[in-house]
Amino acid sequence: MEPVDGGTPTGPLGRPDRPPDQQILSAAVAFARSLRSFGMAASVDAELVFIRTLPELDLRDRRQVYWAAHATFVHSPDERPVFDSIFERFWEGRELQLEARASEHGESDPRMIGPAHGGEALPQFRQDGKETKKAAMDGAPAKATRDLNTAEGDDGAANNDQRGILAAYSPAEQEAKKEKLEYADDELAAVRRLGEEIKRAAPRRRSRRMRPNPRGDRLDIRRTVRNCLATDGEALRLAYTAPRERPRRLLFLCDVSGSMERYSRVLLGSLKAIVGANTKAEAFVFATKLTRLTKALDGRDLDRALEVARGAVSDWSGGTRIGSSFAEFNHTYGRRGFARGAIVMVVSDGWDRGDPAVLSAEVRRLQLQAWRLVWINPRPMLVDQQPLAIGMRAAMPYIDDFVPGHDPRAVAGLAPLVGGLGTQRPRRKLVGGEELKVRPLPMHGNEALPKDRPLPANQWPSAANY
Amino acid sequence: MPGFDSIDTLRTGLTRERYLVDEGLATVVFLALRLKKPLLVEGEPGVGKTELAKTLASALGAPLIRLQCYEGIDVHHALYDWDYPRQLLQLRAGGSAPLYSEEFLVRRPLLEALAQPGAVLLIDELDRADDEFEAFLLEFLSDFQVTIPEVGVMRAEEPPTVIITSNRTRDLHEALKRRCLYHWIDHPGLKREVAIAQARLPHVSERLAGQVCAFVQDLRWLDLYRSPGVGETLDWAEAFHVLGRDSIDSATAERTLGTLLKERDDLERVRQQGLDARIQQAEDLAGKLRDHGGADGAR
């Protein structure tokens, strides 16, 4: 084994002479620091471990040092590209603190490029995303991102033309676009209530863990033996256990595309409530691509969380590709078991610009993994009339429960809906069930609402609805 | 403890046990042994995560202790339990030995690993266990000691070599990752996979091994729902061998495709695209590989 102070390596510092230990140390520290500045979680612990590895290695061998650093600092394959580029600089002895950090982030942002994004009708949104991103990077207050449509102001009309039928489909929708993404106090209170309600209502599943339960049906030998101590080995008092119950995972896949715009705001608030209240909830949003929101929504501050969420959704209110978004989910998350045993709730109007065959294949796949697949459609009356709702029809055979909502208040009915799902697995036929069960959305006090007249777009489920 | 004094000897040692490691994995395993840190290995199913621990144990001549994780695993499955029947008998017989002493202790894998000096402890598929178990493991991994309330603190004289595997069905805690060295095992490249197939299945002809690997490598580009791992490649090659073939033909491939692909959609897709073209392509590729010095294929 090569001791630190042996040999005449050029070393990671790129110096001709053997650098003194102090220099190796500070290089390692600088390396860790620059990893941190790129958002990798390079803890001091990891730094120390990395330093401990160095005496074990041949410091002249780039690959050895690379793999040692990789093993200590990288914690998931996603971090690899960032790590590789920083390591490159480190090894070359180049400047580690980067000048053009903002632009590099912007360019490497997978949302900005690639054929899967947006499609031809959406160039302006890509542009938007980039600008917001940069502004945020520059440390400017990200105020602009609060409006639902950032750059809609000056050339709004042109954008609408480009987006065509999806966005400009009714005057009410146009109205809704001006909505701010801010929540009033009573709305926040309603969000919290909703979260609590859903938490209480969420169906439970049996855990494999046992807990003492006098009415349980399995003998707890451990405690029984303990009880025997008091009775000279006579098992007089038997102790029992029963499986513990855990909340079942709720997984939300929410459509935030143009046609869903007026629901998006309310939806996000509800997602925040649900993720915040139920530790087993996962939230994803999609339009043309899929974004995981769980981590962003899991904080305390709703406003901040929404900010992050909005940043993550670069194609906010663009077109919809439900099929390919689901494909992405199935591939990256479904395979990792996110949907297994979960109640999967899709909130979407089923307006899909993609291939209906892809959509139905992916929905089927999703259903196979889910414990129950619920589709909440805020605009169900359009399913039969609109040619664009073809996606909805493609998905129908593979949905366990179809829930028609009629207005943004639909979300307020989520808790009773989740509670009403029961503990039974839905009965399914091997090849798509024809007998789809349409569930009426349970809503307290709202039954008398006229279903054909849409409510004001910014109507929040207020406390009165509970 | 018989260790390895350099990365190269480690590599040779593992190769002797018919497990081929690339230099990244070799470096990381070497460091894990040297720094006495647990090694967390992640990767697609079938890339040989579990096999790594088994091979390492036999290369080190150390006992392998395996803890398979599952949902609901708890201290009594993982660490220790009491021998209840004996305790009860002792009580009834009015014996004087204390009931909660080492005499009645049943060692589960984690405790066993502390007791056996130099053991290799494999904690398999940790992502299947729940958060509570992970938190418990954290304590175990940082000090290699556990407290059994009735007995006291049990400590390892020599900490075991710990290899943790995960399929990433969920994210493990950062705290746990921080205590470990991390490595992601990728699917091997063609040359390497051929070398693995030949090392693992010495009875299979070189031609067949090359063709099977080339075929599988090509499949991995397809973006299937469930890409075949090395394990499946080996199974498939073995299947041909058992059926008495020494090269791929489309009739046999058709019948044995289930060894390789385990999703109905994937099977249909590959069948629809036609096996013949793929087989032809694999043959060409394997041929090229042979011509360009397949001998040093391990690289």
# chains A, B, ... in the order shown; residues from 1 in each chain; ligands from 1
$ residues_around --residues "range 203-217 of chain A" --least-positions-apart "5" --cutoff "6 Å" --atoms "only C-alpha atoms" --output "list in words"
Tyr240, Thr241, Ala242, Pro243, Arg244, Glu245, Arg246, Pro247 and Arg248 of chain A; Gly72 of chain B
$ interface_residues --of "chain B" --to "chain A" --cutoff "8 Å" --atoms "only C-alpha atoms" --output "number ranges by chain"
B: 5-6, 23-25, 27-28, 31, 34-35, 71-74, 82, 84, 87-89, 91-92, 94, 167-170, 177-178, 180-184, 225
$ residues_around --residues "Ser325 in chain A" --least-positions-apart "5" --cutoff "10 Å" --atoms "only C-alpha atoms" --output "JSON, numbers by chain"
{"A": [116, 253, 255, 285, 286, 287, 288, 289, 290, 291, 320, 330, 331, 354, 359, 362]}
$ select_by_dssp --residues "range 59-281 of chain B" --states "helix (DSSP H, G or I)" --output "PyMOL selection string"
chain B and resi 59-60+75-78+84-93+102-104+109-115+126-128+131-143+174-178+190-200+206-222+230-242+250-259+264-273+275-281
$ residues_around --residues "Phe31 in chain A" --least-positions-apart "5" --cutoff "12 Å" --atoms "only C-alpha atoms" --output "count of residues only"
35
$ atom_distance --atom1 "CA of Arg372 in chain A" --atom2 "CA of Leu271 in chain A"
18.5 Å
$ closest_residue --among "B:Ser227, B:Phe4, B:Asp291, B:Glu254" --to "Asp276 in chain B" --atoms "only C-alpha atoms"
B:Glu254
$ residues_around --residues "range 233-235 of chain B" --least-positions-apart "3" --cutoff "8 Å" --atoms "only C-alpha atoms" --output "MDAnalysis selection string"
chainID B and resid 197 200:201 212:213 216 228:230 238:239 259:260
$ write_last_selection --atoms "C-alpha atoms" --output "CSV table (one decimal), in the first residue's frame"
chain,number,residue,atom,x,y,z
B,197,ALA,CA,-20.7,-16.0,-18.6
B,200,ARG,CA,-19.7,-18.8,-14.4
B,201,LEU,CA,-20.7,-21.4,-17.0
B,212,VAL,CA,-26.5,-14.9,-25.7
B,213,CYS,CA,-24.7,-11.9,-24.2
B,216,VAL,CA,-29.2,-9.6,-24.2
B,228,PRO,CA,-32.8,-8.8,-18.1
B,229,GLY,CA,-30.0,-8.9,-15.6
B,230,VAL,CA,-26.8,-10.9,-15.7
B,238,GLU,CA,-27.8,-22.5,-19.5
B,239,ALA,CA,-31.2,-23.2,-21.0
B,259,THR,CA,-36.1,-17.3,-18.9
B,260,LEU,CA,-35.0,-13.9,-20.0
$ residues_around --residues "Gly287 in chain B" --least-positions-apart "4" --cutoff "10 Å" --atoms "only C-alpha atoms" --output "PDB file with all heavy atoms, in the first residue's frame"
ATOM      1  N   ARG B 207     -19.007 -19.767 -28.241  1.00  0.00           N
ATOM      2  CA  ARG B 207     -19.865 -19.196 -29.269  1.00  0.00           C
ATOM      3  C   ARG B 207     -21.231 -18.852 -28.684  1.00  0.00           C
ATOM      4  O   ARG B 207     -21.742 -17.741 -28.836  1.00  0.00           O
ATOM      5  CB  ARG B 207     -19.992 -20.221 -30.400  1.00  0.00           C
ATOM      6  CG  ARG B 207     -20.981 -19.833 -31.443  1.00  0.00           C
ATOM      7  CD  ARG B 207     -20.551 -20.296 -32.829  1.00  0.00           C
ATOM      8  NE  ARG B 207     -21.540 -19.859 -33.787  1.00  0.00           N
ATOM      9  CZ  ARG B 207     -22.327 -20.690 -34.461  1.00  0.00           C
ATOM     10  NH1 ARG B 207     -22.226 -21.997 -34.285  1.00  0.00           N
ATOM     11  NH2 ARG B 207     -23.206 -20.217 -35.312  1.00  0.00           N
ATOM     12  N   GLY B 210     -21.148 -15.928 -26.254  1.00  0.00           N
ATOM     13  CA  GLY B 210     -21.040 -14.659 -26.959  1.00  0.00           C
ATOM     14  C   GLY B 210     -22.367 -14.234 -27.555  1.00  0.00           C
ATOM     15  O   GLY B 210     -22.798 -13.096 -27.407  1.00  0.00           O
ATOM     16  N   GLN B 211     -23.055 -15.193 -28.201  1.00  0.00           N
ATOM     17  CA  GLN B 211     -24.320 -14.852 -28.844  1.00  0.00           C
ATOM     18  C   GLN B 211     -25.377 -14.438 -27.832  1.00  0.00           C
ATOM     19  O   GLN B 211     -26.084 -13.441 -28.011  1.00  0.00           O
ATOM     20  CB  GLN B 211     -24.827 -16.065 -29.632  1.00  0.00           C
ATOM     21  CG  GLN B 211     -24.076 -16.281 -30.919  1.00  0.00           C
ATOM     22  CD  GLN B 211     -24.588 -17.506 -31.641  1.00  0.00           C
ATOM     23  OE1 GLN B 211     -25.351 -18.289 -31.081  1.00  0.00           O
ATOM     24  NE2 GLN B 211     -24.153 -17.676 -32.863  1.00  0.00           N
ATOM     25  N   ALA B 214     -24.593 -11.008 -26.483  1.00  0.00           N
ATOM     26  CA  ALA B 214     -24.834  -9.970 -27.482  1.00  0.00           C
ATOM     27  C   ALA B 214     -26.330  -9.715 -27.625  1.00  0.00           C
ATOM     28  O   ALA B 214     -26.787  -8.572 -27.703  1.00  0.00           O
ATOM     29  CB  ALA B 214     -24.235 -10.375 -28.823  1.00  0.00           C
ATOM     30  N   GLN B 281     -28.315 -10.404 -35.695  1.00  0.00           N
ATOM     31  CA  GLN B 281     -27.520  -9.270 -35.217  1.00  0.00           C
ATOM     32  C   GLN B 281     -26.575  -9.709 -34.098  1.00  0.00           C
ATOM     33  O   GLN B 281     -25.403  -9.352 -34.069  1.00  0.00           O
ATOM     34  CB  GLN B 281     -28.484  -8.223 -34.690  1.00  0.00           C
ATOM     35  CG  GLN B 281     -27.968  -6.814 -34.737  1.00  0.00           C
ATOM     36  CD  GLN B 281     -29.035  -5.877 -34.186  1.00  0.00           C
ATOM     37  OE1 GLN B 281     -30.226  -6.174 -34.258  1.00  0.00           O
ATOM     38  NE2 GLN B 281     -28.613  -4.764 -33.641  1.00  0.00           N
ATOM     39  N   ALA B 282     -27.123 -10.511 -33.184  1.00  0.00           N
ATOM     40  CA  ALA B 282     -26.319 -10.984 -32.059  1.00  0.00           C
ATOM     41  C   ALA B 282     -25.166 -11.843 -32.554  1.00  0.00           C
ATOM     42  O   ALA B 282     -24.040 -11.744 -32.066  1.00  0.00           O
ATOM     43  CB  ALA B 282     -27.191 -11.770 -31.088  1.00  0.00           C
ATOM     44  N   GLU B 283     -25.453 -12.670 -33.570  1.00  0.00           N
ATOM     45  CA  GLU B 283     -24.401 -13.519 -34.110  1.00  0.00           C
ATOM     46  C   GLU B 283     -23.265 -12.686 -34.699  1.00  0.00           C
ATOM     47  O   GLU B 283     -22.095 -12.943 -34.451  1.00  0.00           O
ATOM     48  CB  GLU B 283     -24.968 -14.439 -35.189  1.00  0.00           C
ATOM     49  CG  GLU B 283     -25.316 -15.814 -34.652  1.00  0.00           C
ATOM     50  CD  GLU B 283     -26.113 -16.632 -35.642  1.00  0.00           C
ATOM     51  OE1 GLU B 283     -25.838 -16.520 -36.856  1.00  0.00           O
ATOM     52  OE2 GLU B 283     -27.010 -17.360 -35.205  1.00  0.00           O
ATOM     53  N   ASP B 291     -13.368 -12.028 -33.086  1.00  0.00           N
ATOM     54  CA  ASP B 291     -12.255 -11.674 -33.957  1.00  0.00           C
ATOM     55  C   ASP B 291     -11.341 -10.635 -33.327  1.00  0.00           C
ATOM     56  O   ASP B 291     -10.140 -10.663 -33.502  1.00  0.00           O
ATOM     57  CB  ASP B 291     -12.790 -11.131 -35.290  1.00  0.00           C
ATOM     58  CG  ASP B 291     -13.625 -12.192 -35.998  1.00  0.00           C
ATOM     59  OD1 ASP B 291     -13.442 -13.378 -35.641  1.00  0.00           O
ATOM     60  OD2 ASP B 291     -14.440 -11.841 -36.858  1.00  0.00           O
ATOM     61  N   HIS B 292     -11.936  -9.708 -32.616  1.00  0.00           N
ATOM     62  CA  HIS B 292     -11.129  -8.649 -32.022  1.00  0.00           C
ATOM     63  C   HIS B 292     -10.690  -9.020 -30.621  1.00  0.00           C
ATOM     64  O   HIS B 292     -10.954  -8.298 -29.655  1.00  0.00           O
ATOM     65  CB  HIS B 292     -11.892  -7.334 -31.991  1.00  0.00           C
ATOM     66  CG  HIS B 292     -12.141  -6.790 -33.361  1.00  0.00           C
ATOM     67  ND1 HIS B 292     -13.215  -7.179 -34.112  1.00  0.00           N
ATOM     68  CD2 HIS B 292     -11.453  -5.915 -34.116  1.00  0.00           C
ATOM     69  CE1 HIS B 292     -13.183  -6.556 -35.273  1.00  0.00           C
ATOM     70  NE2 HIS B 292     -12.125  -5.783 -35.313  1.00  0.00           N
ATOM     71  N   GLY B 294     -11.264 -11.690 -28.186  1.00  0.00           N
ATOM     72  CA  GLY B 294     -12.164 -11.947 -27.074  1.00  0.00           C
ATOM     73  C   GLY B 294     -11.417 -12.470 -25.863  1.00  0.00           C
ATOM     74  O   GLY B 294     -11.973 -12.594 -24.788  1.00  0.00           O
TER      75      GLY B 294
END
$ closest_residue --among "B:Val162, B:Ala57, B:Val153, B:Ala199" --to "Tyr19 in chain B" --atoms "only C-alpha atoms"
B:Ala199
$ atom_distance --atom1 "CA of Met345 in chain A" --atom2 "CA of Asp171 in chain B"
21.9 Å
$ select_by_dssp --residues "range 114-262 of chain B" --states "strand (DSSP E or B)" --output "PyMOL selection string"
chain B and resi 120-124+145-148+152-155+161-166+181-185
$ atom_distance --atom1 "CA of Met260 in chain A" --atom2 "CA of Ile274 in chain A"
19.6 Å
